[in-house]
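Have a look at work.pdb; it's PDB, C-alpha atoms and all ligand atoms:
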```
ATOM      1  CA  MET A   1      16.673 -16.558 -60.925  1.00  0.00           C
ATOM      2  CA  ASN A   2      13.936 -13.962 -60.441  1.00  0.00           C
ATOM      3  CA  ASN A   3      10.217 -14.680 -60.028  1.00  0.00           C
ATOM      4  CA  LEU A   4       9.513 -14.251 -63.727  1.00  0.00           C
ATOM      5  CA  ASP A   5      12.260 -16.680 -64.734  1.00  0.00           C
ATOM      6  CA  ILE A   6      11.116 -19.215 -62.146  1.00  0.00           C
ATOM      7  CA  ALA A   7       7.463 -18.997 -63.225  1.00  0.00           C
ATOM      8  CA  THR A   8       8.350 -19.177 -66.914  1.00  0.00           C
ATOM      9  CA  SER A   9      10.538 -22.211 -66.339  1.00  0.00           C
ATOM     10  CA  ILE A  10       7.832 -24.014 -64.357  1.00  0.00           C
ATOM     11  CA  ALA A  11       5.158 -23.172 -66.914  1.00  0.00           C
ATOM     12  CA  ALA A  12       7.380 -24.322 -69.780  1.00  0.00           C
ATOM     13  CA  ALA A  13       7.812 -27.693 -68.080  1.00  0.00           C
ATOM     14  CA  HIS A  14       4.026 -28.214 -68.145  1.00  0.00           C
ATOM     15  CA  THR A  15       3.041 -26.981 -71.594  1.00  0.00           C
ATOM     16  CA  ASN A  16       3.046 -30.452 -73.151  1.00  0.00           C
ATOM     17  CA  VAL A  17       1.030 -31.984 -70.324  1.00  0.00           C
ATOM     18  CA  PRO A  18      -2.751 -32.168 -70.873  1.00  0.00           C
ATOM     19  CA  GLY A  19      -4.344 -29.831 -68.357  1.00  0.00           C
ATOM     20  CA  GLY A  20      -0.877 -28.559 -67.510  1.00  0.00           C
ATOM     21  CA  LEU A  21      -1.937 -25.086 -66.434  1.00  0.00           C
ATOM     22  CA  LEU A  22      -3.154 -26.166 -62.989  1.00  0.00           C
ATOM     23  CA  PRO A  23      -0.037 -28.152 -62.068  1.00  0.00           C
ATOM     24  CA  ALA A  24       2.059 -25.268 -63.399  1.00  0.00           C
ATOM     25  CA  LEU A  25       0.225 -22.805 -61.164  1.00  0.00           C
ATOM     26  CA  HIS A  26       0.630 -25.156 -58.202  1.00  0.00           C
ATOM     27  CA  GLY A  27       4.341 -25.367 -58.958  1.00  0.00           C
ATOM     28  CA  ILE A  28       4.665 -21.603 -59.198  1.00  0.00           C
ATOM     29  CA  GLN A  29       2.852 -21.103 -55.897  1.00  0.00           C
ATOM     30  CA  ASP A  30       4.963 -23.786 -54.226  1.00  0.00           C
ATOM     31  CA  ALA A  31       8.116 -22.070 -55.475  1.00  0.00           C
ATOM     32  CA  LEU A  32       7.158 -18.435 -54.894  1.00  0.00           C
ATOM     33  CA  GLY A  33       4.552 -18.692 -52.127  1.00  0.00           C
ATOM     34  CA  HIS A  34       1.950 -17.135 -54.417  1.00  0.00           C
ATOM     35  CA  VAL A  35       1.215 -16.508 -58.099  1.00  0.00           C
ATOM     36  CA  PRO A  36       2.307 -12.902 -58.630  1.00  0.00           C
ATOM     37  CA  SER A  37       0.174 -11.001 -61.121  1.00  0.00           C
ATOM     38  CA  ASP A  38       3.283  -9.941 -63.023  1.00  0.00           C
ATOM     39  CA  VAL A  39       4.066 -13.547 -63.996  1.00  0.00           C
ATOM     40  CA  VAL A  40       0.589 -14.158 -65.443  1.00  0.00           C
ATOM     41  CA  PRO A  41       1.443 -12.807 -68.929  1.00  0.00           C
ATOM     42  CA  ALA A  42       4.447 -15.116 -69.205  1.00  0.00           C
ATOM     43  CA  VAL A  43       2.416 -18.109 -68.056  1.00  0.00           C
ATOM     44  CA  ALA A  44      -0.331 -17.229 -70.531  1.00  0.00           C
ATOM     45  CA  GLU A  45       2.194 -17.020 -73.338  1.00  0.00           C
ATOM     46  CA  GLN A  46       3.604 -20.445 -72.478  1.00  0.00           C
ATOM     47  CA  PHE A  47       0.132 -22.003 -72.700  1.00  0.00           C
ATOM     48  CA  ASN A  48      -0.991 -19.915 -75.664  1.00  0.00           C
ATOM     49  CA  LEU A  49      -3.807 -18.500 -73.541  1.00  0.00           C
ATOM     50  CA  SER A  50      -4.918 -14.965 -72.861  1.00  0.00           C
ATOM     51  CA  ARG A  51      -3.876 -13.196 -69.671  1.00  0.00           C
ATOM     52  CA  ALA A  52      -7.546 -13.051 -68.719  1.00  0.00           C
ATOM     53  CA  GLU A  53      -7.863 -16.833 -68.987  1.00  0.00           C
ATOM     54  CA  VAL A  54      -4.907 -17.454 -66.680  1.00  0.00           C
ATOM     55  CA  HIS A  55      -6.014 -14.731 -64.296  1.00  0.00           C
ATOM     56  CA  GLY A  56      -9.480 -16.321 -64.303  1.00  0.00           C
ATOM     57  CA  VAL A  57      -8.051 -19.656 -63.190  1.00  0.00           C
ATOM     58  CA  VAL A  58      -5.902 -18.041 -60.477  1.00  0.00           C
ATOM     59  CA  SER A  59      -8.818 -16.059 -59.109  1.00  0.00           C
ATOM     60  CA  TYR A  60     -11.365 -18.901 -59.413  1.00  0.00           C
ATOM     61  CA  TYR A  61      -9.518 -21.328 -57.154  1.00  0.00           C
ATOM     62  CA  HIS A  62      -9.170 -20.051 -53.597  1.00  0.00           C
ATOM     63  CA  HIS A  63      -6.062 -22.175 -53.217  1.00  0.00           C
ATOM     64  CA  PHE A  64      -4.110 -19.792 -55.435  1.00  0.00           C
ATOM     65  CA  ARG A  65      -2.879 -16.545 -53.958  1.00  0.00           C
ATOM     66  CA  SER A  66      -2.001 -13.412 -55.888  1.00  0.00           C
ATOM     67  CA  THR A  67      -0.298 -11.942 -52.839  1.00  0.00           C
ATOM     68  CA  PRO A  68       2.072 -13.568 -50.346  1.00  0.00           C
ATOM     69  CA  ALA A  69       0.533 -15.458 -47.437  1.00  0.00           C
ATOM     70  CA  GLY A  70       1.167 -14.493 -43.841  1.00  0.00           C
ATOM     71  CA  ARG A  71       4.073 -16.053 -41.995  1.00  0.00           C
ATOM     72  CA  LEU A  72       1.684 -18.614 -40.524  1.00  0.00           C
ATOM     73  CA  LEU A  73      -0.913 -20.279 -42.723  1.00  0.00           C
ATOM     74  CA  VAL A  74      -3.748 -21.421 -40.476  1.00  0.00           C
ATOM     75  CA  GLN A  75      -6.223 -23.839 -42.015  1.00  0.00           C
ATOM     76  CA  VAL A  76      -9.448 -24.785 -40.266  1.00  0.00           C
ATOM     77  CA  CYS A  77     -11.139 -27.926 -41.522  1.00  0.00           C
ATOM     78  CA  SER A  78     -14.623 -27.118 -42.738  1.00  0.00           C
ATOM     79  CA  ALA A  79     -15.637 -30.571 -43.966  1.00  0.00           C
ATOM     80  CA  GLU A  80     -18.557 -32.552 -42.584  1.00  0.00           C
ATOM     81  CA  ALA A  81     -17.052 -34.387 -39.589  1.00  0.00           C
ATOM     82  CA  CYS A  82     -15.420 -31.224 -38.299  1.00  0.00           C
ATOM     83  CA  LYS A  83     -18.554 -29.194 -38.923  1.00  0.00           C
ATOM     84  CA  ALA A  84     -20.489 -31.698 -36.805  1.00  0.00           C
ATOM     85  CA  MET A  85     -17.979 -31.057 -34.009  1.00  0.00           C
ATOM     86  CA  GLY A  86     -18.080 -27.271 -34.041  1.00  0.00           C
ATOM     87  CA  ALA A  87     -15.822 -26.219 -36.906  1.00  0.00           C
ATOM     88  CA  ASP A  88     -18.022 -23.262 -37.810  1.00  0.00           C
ATOM     89  CA  ALA A  89     -17.677 -21.783 -34.319  1.00  0.00           C
ATOM     90  CA  LEU A  90     -13.958 -22.560 -34.368  1.00  0.00           C
ATOM     91  CA  LEU A  91     -13.593 -20.730 -37.676  1.00  0.00           C
ATOM     92  CA  GLU A  92     -15.348 -17.690 -36.202  1.00  0.00           C
ATOM     93  CA  HIS A  93     -12.987 -17.834 -33.241  1.00  0.00           C
ATOM     94  CA  ALA A  94     -10.019 -18.102 -35.624  1.00  0.00           C
ATOM     95  CA  LYS A  95     -11.134 -15.006 -37.545  1.00  0.00           C
ATOM     96  CA  LYS A  96     -11.284 -12.958 -34.356  1.00  0.00           C
ATOM     97  CA  HIS A  97      -8.078 -14.326 -32.877  1.00  0.00           C
ATOM     98  CA  LEU A  98      -6.016 -13.925 -36.052  1.00  0.00           C
ATOM     99  CA  GLY A  99      -7.527 -10.608 -37.082  1.00  0.00           C
ATOM    100  CA  CYS A 100      -8.373 -11.637 -40.623  1.00  0.00           C
ATOM    101  CA  ASP A 101     -11.211 -13.095 -42.596  1.00  0.00           C
ATOM    102  CA  VAL A 102     -11.274 -16.405 -44.433  1.00  0.00           C
ATOM    103  CA  HIS A 103      -8.943 -16.232 -47.464  1.00  0.00           C
ATOM    104  CA  GLY A 104      -7.410 -13.153 -45.876  1.00  0.00           C
ATOM    105  CA  THR A 105      -4.160 -12.134 -44.230  1.00  0.00           C
ATOM    106  CA  SER A 106      -3.860 -10.147 -41.016  1.00  0.00           C
ATOM    107  CA  ALA A 107      -2.785  -6.524 -41.353  1.00  0.00           C
ATOM    108  CA  ASP A 108       0.578  -7.280 -39.749  1.00  0.00           C
ATOM    109  CA  GLY A 109       1.267 -10.043 -42.282  1.00  0.00           C
ATOM    110  CA  GLN A 110       1.513 -12.586 -39.486  1.00  0.00           C
ATOM    111  CA  TYR A 111      -1.423 -14.881 -40.318  1.00  0.00           C
ATOM    112  CA  SER A 112      -3.410 -16.121 -43.264  1.00  0.00           C
ATOM    113  CA  LEU A 113      -6.617 -18.048 -42.690  1.00  0.00           C
ATOM    114  CA  GLU A 114      -7.994 -20.650 -45.068  1.00  0.00           C
ATOM    115  CA  PRO A 115     -10.696 -23.285 -44.826  1.00  0.00           C
ATOM    116  CA  VAL A 116      -9.600 -26.767 -45.793  1.00  0.00           C
ATOM    117  CA  PHE A 117     -11.749 -29.734 -46.644  1.00  0.00           C
ATOM    118  CA  CYS A 118     -10.594 -32.705 -44.573  1.00  0.00           C
ATOM    119  CA  LEU A 119      -7.198 -33.120 -43.001  1.00  0.00           C
ATOM    120  CA  GLY A 120      -7.643 -36.859 -42.490  1.00  0.00           C
ATOM    121  CA  LEU A 121      -8.374 -36.464 -38.775  1.00  0.00           C
ATOM    122  CA  CYS A 122     -12.153 -36.875 -38.967  1.00  0.00           C
ATOM    123  CA  ALA A 123     -12.302 -39.200 -35.950  1.00  0.00           C
ATOM    124  CA  SER A 124     -10.564 -36.528 -33.875  1.00  0.00           C
ATOM    125  CA  SER A 125     -12.335 -33.463 -35.157  1.00  0.00           C
ATOM    126  CA  PRO A 126     -12.385 -30.540 -35.247  1.00  0.00           C
ATOM    127  CA  ALA A 127      -8.971 -30.280 -36.844  1.00  0.00           C
ATOM    128  CA  ILE A 128      -6.654 -27.508 -37.975  1.00  0.00           C
ATOM    129  CA  ALA A 129      -3.291 -27.217 -39.676  1.00  0.00           C
ATOM    130  CA  VAL A 130      -0.719 -24.530 -38.990  1.00  0.00           C
ATOM    131  CA  ASN A 131       1.939 -24.330 -41.689  1.00  0.00           C
ATOM    132  CA  ASP A 132       0.984 -27.893 -42.684  1.00  0.00           C
ATOM    133  CA  GLU A 133       1.311 -29.303 -39.152  1.00  0.00           C
ATOM    134  CA  VAL A 134      -2.004 -30.880 -38.234  1.00  0.00           C
ATOM    135  CA  HIS A 135      -3.715 -30.760 -34.832  1.00  0.00           C
ATOM    136  CA  ALA A 136      -6.860 -32.549 -33.670  1.00  0.00           C
ATOM    137  CA  ARG A 137      -9.637 -32.098 -31.102  1.00  0.00           C
ATOM    138  CA  ILE A 138      -9.230 -28.350 -31.200  1.00  0.00           C
ATOM    139  CA  THR A 139     -10.968 -26.102 -28.697  1.00  0.00           C
ATOM    140  CA  PRO A 140     -10.724 -22.315 -28.908  1.00  0.00           C
ATOM    141  CA  ALA A 141      -8.225 -22.299 -26.011  1.00  0.00           C
ATOM    142  CA  LEU A 142      -6.135 -24.999 -27.676  1.00  0.00           C
ATOM    143  CA  PHE A 143      -6.303 -23.089 -30.950  1.00  0.00           C
ATOM    144  CA  ASP A 144      -4.873 -20.015 -29.238  1.00  0.00           C
ATOM    145  CA  ASP A 145      -2.079 -22.042 -27.622  1.00  0.00           C
ATOM    146  CA  ILE A 146      -1.104 -23.766 -30.882  1.00  0.00           C
ATOM    147  CA  VAL A 147      -1.066 -20.521 -32.852  1.00  0.00           C
ATOM    148  CA  GLU A 148       0.982 -18.760 -30.188  1.00  0.00           C
ATOM    149  CA  GLU A 149       3.467 -21.615 -30.045  1.00  0.00           C
ATOM    150  CA  ALA A 150       3.809 -21.593 -33.832  1.00  0.00           C
ATOM    151  CA  ARG A 151       4.195 -17.814 -33.875  1.00  0.00           C
ATOM    152  CA  GLN A 152       7.021 -17.958 -31.338  1.00  0.00           C
ATOM    153  CA  ALA A 153       8.719 -20.780 -33.251  1.00  0.00           C
ATOM    154  CA  SER A 154       8.544 -19.032 -36.615  1.00  0.00           C
TER     155      SER A 154
HETATM  156  S1  LIG A 201     -13.639 -33.639 -41.824  1.00  0.00           S
HETATM  157 FE1  LIG A 201     -12.180 -32.469 -40.745  1.00  0.00          FE
HETATM  158  S2  LIG A 201     -10.460 -33.764 -40.696  1.00  0.00           S
HETATM  159 FE2  LIG A 201     -11.886 -34.842 -41.925  1.00  0.00          FE
END
```

Same coordinates, now as structure tokens:
Amino acid sequence: MNNLDIATSIAAAHTNVPGGLLPALHGIQDALGHVPSDVVPAVAEQFNLSRAEVHGVVSYYHHFRSTPAGRLLVQVCSAEACKAMGADALLEHAKKHLGCDVHGTSADGQYSLEPVFCLGLCASSPAIAVNDEVHARITPALFDDIVEEARQAS
């Protein structure tokens, strides 16, 4: 099955669900790693929406990507408990270390950086997740070690 077939099939499974567009887009991103712009017309047709409406939803929510993520998705918690423990400075460090901005991907395609709003480790903040594996009490040096370890393992 190609991307278009996969996206169409996922969208079709959600057309009778109230508010089905968002879960359909989540399903497409889970399956394809992003929501390619060339599947938007097919998704729009399934939901009897315009392409602009579907594109608007994809671009409104930072969670959705129109392009593939880097090999490592690094998320830095930016919710209150982590902010109180230095998450803003950690995010700045992450941007420099990874070579990309928030919601961006490094030029070599290695890393994508996203903020996340609570990883459930508030008592051990600041926290990060690397490809969904969570880590607590992160210092800049620990951040570098974790990212390097994940890079070598991937
Ligand atoms: S606020 Fe960061 S893990 Fe909860």

Inset, instruction - Give the residue list for ligand LIG 201 (chain A) at 6 Å, counting all atoms listed in the file, as a ChimeraX atom specification, sorted by chain and then by residue number. - result: /A:77,79-82,118-122,125-127

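Rounded to one decimal, CA of Asn3 (chain A) and CA of Pro41 (chain A) lie 12.6 Å from each other.
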
Legend entry - Best match for closeness to Ile28 (chain A) among A:Glu45, A:Arg65, A:Ser50, A:Ser124, counting all atoms listed in the file: A:Arg65

Give me, as a PDB file with C-alpha atoms, keeping the file's coordinate frame, all polymer residues having an atom no more than 10 Å from Gly104 (chain A), counting all atoms listed in the file and skipping those fewer than 3 positions away in the same chain.
```
ATOM      1  CA  ARG A  65      -2.879 -16.545 -53.958  1.00  0.00           C
ATOM      2  CA  ALA A  69       0.533 -15.458 -47.437  1.00  0.00           C
ATOM      3  CA  GLY A  70       1.167 -14.493 -43.841  1.00  0.00           C
ATOM      4  CA  LYS A  95     -11.134 -15.006 -37.545  1.00  0.00           C
ATOM      5  CA  LEU A  98      -6.016 -13.925 -36.052  1.00  0.00           C
ATOM      6  CA  GLY A  99      -7.527 -10.608 -37.082  1.00  0.00           C
ATOM      7  CA  CYS A 100      -8.373 -11.637 -40.623  1.00  0.00           C
ATOM      8  CA  ASP A 101     -11.211 -13.095 -42.596  1.00  0.00           C
ATOM      9  CA  ALA A 107      -2.785  -6.524 -41.353  1.00  0.00           C
ATOM     10  CA  GLY A 109       1.267 -10.043 -42.282  1.00  0.00           C
ATOM     11  CA  TYR A 111      -1.423 -14.881 -40.318  1.00  0.00           C
ATOM     12  CA  SER A 112      -3.410 -16.121 -43.264  1.00  0.00           C
ATOM     13  CA  LEU A 113      -6.617 -18.048 -42.690  1.00  0.00           C
ATOM     14  CA  GLU A 114      -7.994 -20.650 -45.068  1.00  0.00           C
TER      15      GLU A 114
END
```

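In terms of minimum interatomic distance to Pro115 (chain A), A:Gln75 ranks closest within A:Asn16, A:Ser154, A:Gln75, A:Asn131, counting all atoms listed in the file.
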
Just so the selection is clear, what residues does the PyMOL selection byres (((chain A and resi 87-90) around 7) and not hetatm) cover here, as an mmCIF file with C-alpha atoms, in the frame of the given file?
```cif
data_model
loop_
_atom_site.group_PDB
_atom_site.id
_atom_site.type_symbol
_atom_site.label_atom_id
_atom_site.label_comp_id
_atom_site.auth_asym_id
_atom_site.auth_seq_id
_atom_site.Cartn_x
_atom_site.Cartn_y
_atom_site.Cartn_z
ATOM 1 C CA CYS A 77 -11.139 -27.926 -41.522
ATOM 2 C CA SER A 78 -14.623 -27.118 -42.738
ATOM 3 C CA CYS A 82 -15.420 -31.224 -38.299
ATOM 4 C CA LYS A 83 -18.554 -29.194 -38.923
ATOM 5 C CA MET A 85 -17.979 -31.057 -34.009
ATOM 6 C CA GLY A 86 -18.080 -27.271 -34.041
ATOM 7 C CA LEU A 91 -13.593 -20.730 -37.676
ATOM 8 C CA GLU A 92 -15.348 -17.690 -36.202
ATOM 9 C CA HIS A 93 -12.987 -17.834 -33.241
ATOM 10 C CA ALA A 94 -10.019 -18.102 -35.624
ATOM 11 C CA PRO A 126 -12.385 -30.540 -35.247
ATOM 12 C CA PRO A 140 -10.724 -22.315 -28.908
#
```

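Picture a line from CA of Val17 (chain A) to CA of Met1 (chain A); it runs 23.9 Å.
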
Inset, instruction - List every protein, DNA or RNA residue that has at least one atom no more than 8 Å from (3.4, -24.7, -73.0) in the file's coordinates, counting all atoms listed in the file, and write the result as a PyMOL selection string. - result: chain A and resi 11-16+20+45-48

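Atom pair CA of Val134 (chain A) / CA of Leu25 (chain A): separated by 24.4 Å.
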
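When only C-alpha atoms are used to measure the gap to Thr67 (chain A), the shortest distance among A:Gln110, A:Ser9, A:Asn2, A:Gln29 belongs to A:Gln29.
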
Legend entry - Hits of the PyMOL selection byres (((chain A and resi 147) around 10) and not hetatm) in this structure, as a VMD selection string: chain A and resid 72 to 74 94 97 to 98 111 129 to 130 142 to 146 148 to 153

Would you output that residue set with C-alpha atoms, as a compact mmCIF listing (two decimals), in the coordinates of the input?
```txt
# COMPACT_ATOMS: atom_id res chain seq x y z
CA LEU A 72 1.68 -18.61 -40.52
CA LEU A 73 -0.91 -20.28 -42.72
CA VAL A 74 -3.75 -21.42 -40.48
CA ALA A 94 -10.02 -18.10 -35.62
CA HIS A 97 -8.08 -14.33 -32.88
CA LEU A 98 -6.02 -13.92 -36.05
CA TYR A 111 -1.42 -14.88 -40.32
CA ALA A 129 -3.29 -27.22 -39.68
CA VAL A 130 -0.72 -24.53 -38.99
CA LEU A 142 -6.14 -25.00 -27.68
CA PHE A 143 -6.30 -23.09 -30.95
CA ASP A 144 -4.87 -20.02 -29.24
CA ASP A 145 -2.08 -22.04 -27.62
CA ILE A 146 -1.10 -23.77 -30.88
CA GLU A 148 0.98 -18.76 -30.19
CA GLU A 149 3.47 -21.62 -30.04
CA ALA A 150 3.81 -21.59 -33.83
CA ARG A 151 4.20 -17.81 -33.88
CA GLN A 152 7.02 -17.96 -31.34
CA ALA A 153 8.72 -20.78 -33.25
```

Assuming 8 Å of padding per side, give the centre and edge lengths of the axis-aligned box around every listed atom of region 85-97 of chain A, in Å to one decimal and as JSON.
```
{"center_x": -13.1, "center_y": -22.0, "center_z": -35.3, "size_x": 26.0, "size_y": 34.1, "size_z": 20.9}
```

Inset, instruction - Would you please work out which residue, of A:His63, A:Ala31, A:Thr8, A:Ser37, is nearest to Arg51 (chain A) when using only C-alpha atoms? - result: A:Ser37

Legend entry - Option closest in space to His103 (chain A), from A:His135, A:Pro18, A:His55, A:His62 [counting all atoms listed in the file]: A:His62
